[in-house]
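Q: Structure supplied as protein_14.txt; contents: compact mmCIF, C-alpha atoms and all ligand atoms.
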# COMPACT_ATOMS: atom_id res chain seq x y z
CA MET A 74 179.70 164.23 53.12
CA VAL A 75 176.72 164.51 50.84
CA ASN A 76 175.55 163.70 47.31
CA PRO A 77 176.52 165.34 44.02
CA ILE A 78 173.54 167.45 42.95
CA ILE A 79 173.18 169.37 39.69
CA SER A 80 170.72 172.26 39.80
CA PRO A 81 170.31 174.05 36.43
CA SER A 82 169.53 177.74 36.82
CA MET A 83 166.17 178.38 35.17
CA LEU A 84 167.26 182.00 34.77
CA SER A 85 168.78 180.85 31.47
CA SER A 86 165.59 179.14 30.31
CA ASN A 87 162.81 180.55 28.15
CA PHE A 88 160.47 181.84 30.88
CA ALA A 89 157.57 181.85 28.40
CA ASP A 90 157.88 178.07 28.30
CA LEU A 91 159.01 177.41 31.87
CA ALA A 92 157.18 174.14 32.53
CA ASN A 93 158.58 172.50 29.39
CA GLU A 94 162.05 173.93 30.05
CA ALA A 95 161.93 172.47 33.57
CA GLN A 96 160.86 169.09 32.17
CA ARG A 97 163.68 169.25 29.63
CA MET A 98 166.22 169.74 32.44
CA ILE A 99 164.80 166.86 34.51
CA ASP A 100 164.85 164.63 31.41
CA SER A 101 168.50 165.68 30.91
CA GLY A 102 169.42 164.41 34.38
CA ALA A 103 168.99 167.47 36.62
CA ASP A 104 168.50 166.69 40.31
CA TRP A 105 167.06 170.06 41.36
CA LEU A 106 165.83 173.19 39.59
CA HIS A 107 167.50 176.44 40.69
CA MET A 108 165.00 179.31 40.79
CA ASP A 109 166.58 182.79 40.95
CA VAL A 110 164.32 185.22 42.77
CA MET A 111 165.40 188.88 42.42
CA ASP A 112 163.57 191.83 43.96
CA GLY A 113 165.13 194.76 42.05
CA HIS A 114 166.51 196.12 45.34
CA PHE A 115 169.00 193.62 46.78
CA VAL A 116 170.17 193.14 43.19
CA PRO A 117 169.68 195.39 40.14
CA ASN A 118 167.29 193.00 38.37
CA ILE A 119 163.77 191.60 38.78
CA THR A 120 162.85 188.01 37.93
CA ILE A 121 160.17 185.79 39.44
CA GLY A 122 158.26 185.43 42.70
CA ALA A 123 156.14 182.92 44.59
CA PRO A 124 153.27 182.83 42.02
CA VAL A 125 155.62 181.33 39.44
CA ILE A 126 156.83 178.73 41.96
CA LYS A 127 153.21 177.89 42.72
CA ASN A 128 152.37 177.27 39.05
CA LEU A 129 155.48 175.17 38.48
CA ARG A 130 154.71 173.15 41.61
CA ALA A 131 151.15 172.56 40.40
CA SER A 132 152.28 171.22 37.03
CA HIS A 133 155.24 169.25 38.43
CA PRO A 134 154.56 168.02 41.99
CA ASN A 135 157.84 166.14 42.44
CA TYR A 136 160.50 168.58 41.34
CA PHE A 137 162.91 169.86 43.99
CA LEU A 138 162.66 173.66 43.71
CA ASP A 139 165.91 175.19 44.95
CA CYS A 140 164.97 178.84 45.51
CA HIS A 141 167.79 181.41 45.66
CA ILE A 142 166.20 184.47 47.23
CA MET A 143 168.02 187.68 46.29
CA ALA A 144 165.80 190.04 48.29
CA SER A 145 166.44 192.78 50.84
CA GLU A 146 163.77 191.54 53.24
CA PRO A 147 163.85 187.75 52.91
CA GLU A 148 161.54 187.17 55.91
CA LYS A 149 158.71 188.86 54.01
CA TRP A 150 158.67 186.02 51.49
CA VAL A 151 159.07 182.90 53.64
CA ASP A 152 155.38 182.07 54.06
CA ASP A 153 154.54 182.78 50.42
CA PHE A 154 157.31 180.50 49.17
CA ALA A 155 156.39 177.76 51.63
CA LYS A 156 152.75 177.88 50.52
CA ALA A 157 153.81 177.97 46.88
CA GLY A 158 155.70 174.69 47.33
CA ALA A 159 159.37 175.72 47.44
CA ASN A 160 161.64 172.98 48.82
CA MET A 161 164.69 175.07 49.69
CA PHE A 162 164.70 178.72 50.75
CA THR A 163 168.21 180.16 50.47
CA PHE A 164 168.52 183.74 51.70
CA HIS A 165 171.49 186.11 51.59
CA ILE A 166 173.20 186.68 54.92
CA GLU A 167 174.04 190.24 53.81
CA ALA A 168 170.28 190.96 53.89
CA ALA A 169 169.75 189.47 57.36
CA ILE A 170 172.99 189.87 59.28
CA ASP A 171 171.26 191.10 62.47
CA ARG A 172 168.53 188.46 62.46
CA THR A 173 170.05 185.37 60.84
CA ALA A 174 169.20 182.91 63.64
CA ALA A 175 165.55 184.01 63.80
CA LEU A 176 165.20 183.74 60.03
CA ILE A 177 166.67 180.22 60.01
CA GLU A 178 164.09 179.17 62.62
CA LYS A 179 161.24 180.81 60.69
CA ILE A 180 162.17 178.96 57.49
CA LYS A 181 162.55 175.65 59.35
CA SER A 182 159.14 176.06 60.97
CA THR A 183 157.51 176.00 57.51
CA GLY A 184 159.11 172.66 56.64
CA MET A 185 161.32 174.08 53.89
CA LYS A 186 165.06 173.32 53.82
CA VAL A 187 167.23 176.31 54.74
CA GLY A 188 170.19 177.70 52.84
CA ILE A 189 172.42 180.71 53.49
CA ALA A 190 174.05 182.48 50.54
CA ILE A 191 177.12 184.73 50.55
CA LYS A 192 178.22 187.21 47.90
CA PRO A 193 181.80 187.11 46.54
CA LYS A 194 183.08 189.88 48.80
CA THR A 195 181.44 188.60 51.99
CA PRO A 196 183.90 186.82 54.30
CA ILE A 197 183.26 183.16 54.99
CA GLU A 198 183.46 183.91 58.72
CA TRP A 199 179.98 185.40 58.52
CA VAL A 200 178.36 182.01 57.85
CA ILE A 201 180.59 179.73 59.96
CA PRO A 202 178.50 180.20 63.15
CA TYR A 203 175.37 179.05 61.29
CA ALA A 204 176.79 176.32 59.04
CA ASP A 205 175.78 173.48 61.38
CA LYS A 206 172.25 174.89 61.72
CA VAL A 207 171.33 174.95 58.02
CA ASP A 208 170.94 172.42 55.20
CA MET A 209 173.16 174.25 52.73
CA VAL A 210 175.56 177.14 52.25
CA LEU A 211 175.54 178.79 48.81
CA VAL A 212 178.86 180.35 47.81
CA LEU A 213 178.18 182.85 45.01
CA THR A 214 180.94 182.77 42.40
CA VAL A 215 179.69 185.91 40.59
CA GLU A 216 178.10 189.11 41.85
CA PRO A 217 174.40 188.20 42.05
CA GLY A 218 171.90 189.75 39.65
CA PHE A 219 172.57 188.34 36.20
CA GLY A 220 173.34 185.08 34.43
CA GLY A 221 176.14 184.69 31.90
CA GLN A 222 178.97 186.21 33.95
CA THR A 223 182.52 184.89 34.40
CA LEU A 224 183.42 182.76 37.44
CA ILE A 225 185.32 184.73 40.11
CA GLU A 226 187.99 182.22 41.11
CA ASN A 227 189.01 183.89 44.34
CA CYS A 228 185.67 182.75 45.84
CA LEU A 229 186.75 179.11 45.69
CA PRO A 230 188.88 178.94 48.86
CA LYS A 231 185.68 179.64 50.83
CA CYS A 232 184.37 176.22 49.76
CA ARG A 233 187.55 174.51 50.97
CA VAL A 234 187.26 176.20 54.37
CA LEU A 235 183.65 175.04 54.68
CA ARG A 236 184.31 171.49 53.46
CA ASP A 237 187.22 170.99 55.86
CA ARG A 238 185.14 172.13 58.82
CA PHE A 239 181.74 170.70 57.83
CA PRO A 240 182.07 167.35 56.00
CA ASN A 241 178.28 166.80 55.98
CA LEU A 242 177.26 170.22 54.73
CA ASN A 243 175.74 170.76 51.30
CA ILE A 244 177.95 173.37 49.63
CA GLU A 245 176.34 174.95 46.59
CA VAL A 246 178.24 177.08 44.07
CA ASP A 247 176.53 179.41 41.63
CA GLY A 248 177.71 181.67 38.84
CA GLY A 249 179.84 181.24 35.72
CA ILE A 250 180.17 177.44 36.02
CA THR A 251 180.68 175.37 32.88
CA VAL A 252 182.06 171.97 31.87
CA LYS A 253 185.40 173.73 31.33
CA ASN A 254 185.84 174.93 34.92
CA ILE A 255 183.77 172.39 36.89
CA ASP A 256 186.87 170.55 38.18
CA LYS A 257 187.98 173.67 40.06
CA LEU A 258 184.71 173.67 41.99
CA SER A 259 184.74 169.91 42.66
CA GLU A 260 188.32 170.10 43.85
CA VAL A 261 187.45 172.50 46.67
CA GLY A 262 184.58 170.32 47.91
CA ALA A 263 181.46 171.84 46.33
CA ASN A 264 178.75 169.19 45.88
CA VAL A 265 175.71 171.19 44.66
CA ILE A 266 176.41 172.73 41.28
CA VAL A 267 174.28 175.50 39.78
CA ALA A 268 174.76 176.34 36.13
CA GLY A 269 172.56 178.40 33.84
CA THR A 270 174.51 179.38 30.75
CA GLY A 271 176.85 176.39 31.19
CA ILE A 272 173.93 173.95 30.77
CA PHE A 273 171.33 175.77 28.67
CA LYS A 274 173.84 177.05 26.11
CA HIS A 275 175.75 173.76 25.94
CA PRO A 276 175.00 171.92 22.68
CA ASN A 277 174.02 168.87 24.75
CA PRO A 278 172.61 169.77 28.21
CA SER A 279 172.40 166.15 29.25
CA GLU A 280 176.13 165.71 28.52
CA ALA A 281 176.91 168.92 30.46
CA ILE A 282 174.97 167.64 33.48
CA SER A 283 176.62 164.22 33.45
CA THR A 284 180.10 165.76 33.03
CA MET A 285 179.51 168.05 36.02
CA LYS A 286 178.20 165.19 38.14
CA ALA A 287 181.11 162.93 37.20
CA SER A 288 183.54 165.67 38.22
CA VAL A 289 181.99 166.05 41.69
CA TYR A 290 182.20 162.26 42.13
CA LYS A 291 185.76 162.08 40.86
CA TYR A 292 187.18 164.64 43.27
CA ASN A 293 185.13 163.55 46.27
CA LYS A 294 184.76 159.81 45.74
CA ASN A 295 186.24 158.86 49.09
CA SER A 296 183.78 160.92 51.05
CA LEU A 297 180.51 161.01 49.10
CA TYR A 298 177.65 158.91 50.43
CA ASN A 299 173.87 159.02 50.70
CA LYS A 300 173.24 159.60 54.37
CA ASN A 301 172.34 163.26 54.13
CA SER A 302 170.66 163.23 50.76
CA LEU A 303 168.03 165.93 50.43
CA LEU A 304 166.21 164.02 47.70
O1 LIG B 401 172.19 183.55 41.06
C1 LIG B 401 172.42 183.76 39.90
C2 LIG B 401 172.71 185.16 39.46
O2 LIG B 401 172.54 186.01 40.51
C3 LIG B 401 172.35 182.66 38.88
O3 LIG B 401 171.93 181.47 39.53
C4 LIG B 401 173.66 182.40 38.21
O4 LIG B 401 174.27 183.52 37.72
C5 LIG B 401 173.54 181.31 37.17
O5 LIG B 401 173.76 181.74 35.90
P1 LIG B 401 175.11 181.40 35.08
O6 LIG B 401 175.41 179.95 35.29
O7 LIG B 401 174.73 181.75 33.68
O8 LIG B 401 176.19 182.28 35.66
FE FE B 402 171.32 181.66 41.73
For the file at hand, write its structure as structure tokens.
Ligand SMILES: O=C(CO)[C@H](O)[C@H](O)COP(=O)(O)O
Ligand SMILES: [Fe+2]
A:
Amino acid sequence: MVNPIISPSMLSSNFADLANEAQRMIDSGADWLHMDVMDGHFVPNITIGAPVIKNLRASHPNYFLDCHIMASEPEKWVDDFAKAGANMFTFHIEAAIDRTAALIEKIKSTGMKVGIAIKPKTPIEWVIPYADKVDMVLVLTVEPGFGGQTLIENCLPKCRVLRDRFPNLNIEVDGGITVKNIDKLSEVGANVIVAGTGIFKHPNPSEAISTMKASVYKYNKNSLYNKNSLL
């Protein structure tokens, strides 16, 4: 298995002060920074693109930028994100169902890590054929597009299916996760935790991050080790 990783969603930060907000999360114990990229077409919202990643990379060379690409044509953005300094490029399989293998290879060829994301209503069977070819699978636990939604619990069995079949896979969960429900995610084998509202709106973000990390350790302590660390 792999390491517990906490990746605060910068969607909940003050974008006008992004560099300081990112630093605040790292100082609070974040392992990665989750960057939500929305194109206004795949999802009904627009956020940031590669220029923002480039500026954040320039001011903070060592941060792991975990880019969640909610775009209808993910292949269009691979080179821009690679040049901008993204570490992980996670695309939605719903946007690339007929060309998933080629897209995985394209992302790998740039040196970025590859993730595949699935929406709540997408069956887990769609990603199983690719799970041993990528660095991470992202199981969305809300409909993508907005922060601050409620966790959809019927997404959780997908993590258990993946963990049982792929003990060394990074399984990321994203949407509606807080210190109150983190144990449910840890219990089904998720090891990469994204939280926006659950960290930024917590009175003590550093405490929220350490509570989430402790939960992942607690439920997976017999199988967690460093071998496949992405850091
Ligand atoms: O991908 C996302 C939305 O599409 C966000 O990463 C996610 O919703 C995080 O925000 P919150 O923790 O507030 O739900
Ligand atoms: Fe996200």
Q: Using all atoms listed in the file, which residue out of A:Ile180, A:Met143, A:Val75, A:Ile255 lies closest to ligand FE 402 (chain B)?
A: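 Answer, going by the shortest atom-to-atom distance: A:Met143.
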Q: Which of these, A:Ala155, A:Ile126, A:Ile142, A:Met161, has the shortest distance to ligand FE 402 (chain B) once you count all atoms listed in the file?
A: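 Smallest distance to ligand FE 402 (chain B) is found for A:Ile142.
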Q: Compute the set of protein, DNA and RNA residues whose minimum atom distance to ligand LIG 401 (chain B) is at most 6 Å, using all atoms listed in the file, and state it as a list of chain:residue names.
A: A:Ser82, A:Asp109, A:Pro217, A:Gly218, A:Phe219, A:Gly220, A:Gly221, A:Gln222, A:Asp247, A:Gly248, A:Gly249, A:Ile250, A:Ala268, A:Gly269, A:Thr270, A:Gly271
Q: Give me, as a list in words, all polymer residues having an atom no more than 9 Å from Cys232 (chain A), counting only C-alpha atoms and skipping those fewer than 2 positions away in the same chain.
A: Ile197, Val212, Cys228, Leu229, Pro230, Val234, Leu235, Arg236, Asp237, Ile244, Glu245, Val246, Leu258, Val261, Gly262 and Ala263 of chain A
Q: Leaving out Ile201 (chain A) and any residue of its chain fewer than 5 positions from it, which residues lie within 10 Å of it when counting all atoms listed in the file, given as a ChimeraX atom specification?
A: /A:196,206,210,234-235,238-239
Q: Once 4 Å is added on each side, what centre and edge lengths in Å to one decimal does the axis-aligned box around all listed atoms of region 167-180 of chain A have, as JSON?
A:
{"center_x": 167.6, "center_y": 185.0, "center_z": 58.8, "size_x": 20.8, "size_y": 20.1, "size_z": 18.0}
Q: List as number ranges by chain the protein and nucleic acid residues near Asp152 (chain A), meaning an atom at most 9 Å away when all atoms listed in the file are counted, but skip any in the same chain fewer than 3 places from it.
A: A: 148-149, 155-157, 179-180, 183
Q: Pick the closest to Gly158 (chain A) from A:Lys127, A:His275, A:Lys294, A:Lys231: which is it, counting all atoms listed in the file?
A: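 Of the candidates, the smallest distance to Gly158 (chain A) is held by A:Lys127.
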Q: Measure the distance from CA of Trp150 (chain A) to CA of Ile272 (chain A) in Å and round it to one decimal.
A: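 Computing it gives 28.4 Å between the two atoms.
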Q: May I ask which of the residues A:Thr214, A:Asn293, A:Asn277, A:Ser101 is the closest one to ligand FE 402 (chain B), counting all atoms listed in the file?
A: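 Of the candidates, the smallest distance to ligand FE 402 (chain B) is held by A:Thr214.
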Q: I need the residue nearest ligand FE 402 (chain B) from this list: A:Gln96, A:Asn160, A:Ser80, A:Ser259. Use only C-alpha atoms and all ligand atoms for the distance.
A: A:Ser80
Q: Mind checking which residues fall within 12 Å of Leu138 (chain A), counting all atoms listed in the file, ignoring those fewer than 5 positions away in the same chain, and posting them as a ChimeraX atom specification?
A: /A:80-83,95,99,103-110,123,125-130,133,154-155,157-163,185-186,303-304
Q: Would you please work out which residue, of A:Pro134, A:Ile78, A:Val267, A:Thr251, is nearest to ligand FE 402 (chain B) when using only C-alpha atoms and all ligand atoms?
A: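 The answer is A:Val267, which sits nearest to ligand FE 402 (chain B).
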Q: Expressed in Å to a single decimal, how great is the separation between CA of Val116 (chain A) and CA of Glu216 (chain A)?
A: 9.0 Å
Q: Would you mind reading off the distance between CA of Met98 (chain A) and CA of His114 (chain A), one decimal, in Å?
A: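 CA of Met98 (chain A) sits 29.4 Å away from CA of His114 (chain A).
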Q: Residues within 7 Å of Ile282 (chain A), please, as a list in words. Count all atoms listed in the file; anything in the same chain fewer than 3 positions from it doesn't count.
A: Ile79, Gly102, Ala103, Ile272, Pro278, Ser279, Met285 and Lys286 of chain A
Q: Around the point (177.5, 180.6, 52.2) in the file's coordinates, collect all residues with an atom within 8 Å, using only C-alpha atoms, and return them as a count of residues only.
A: 14
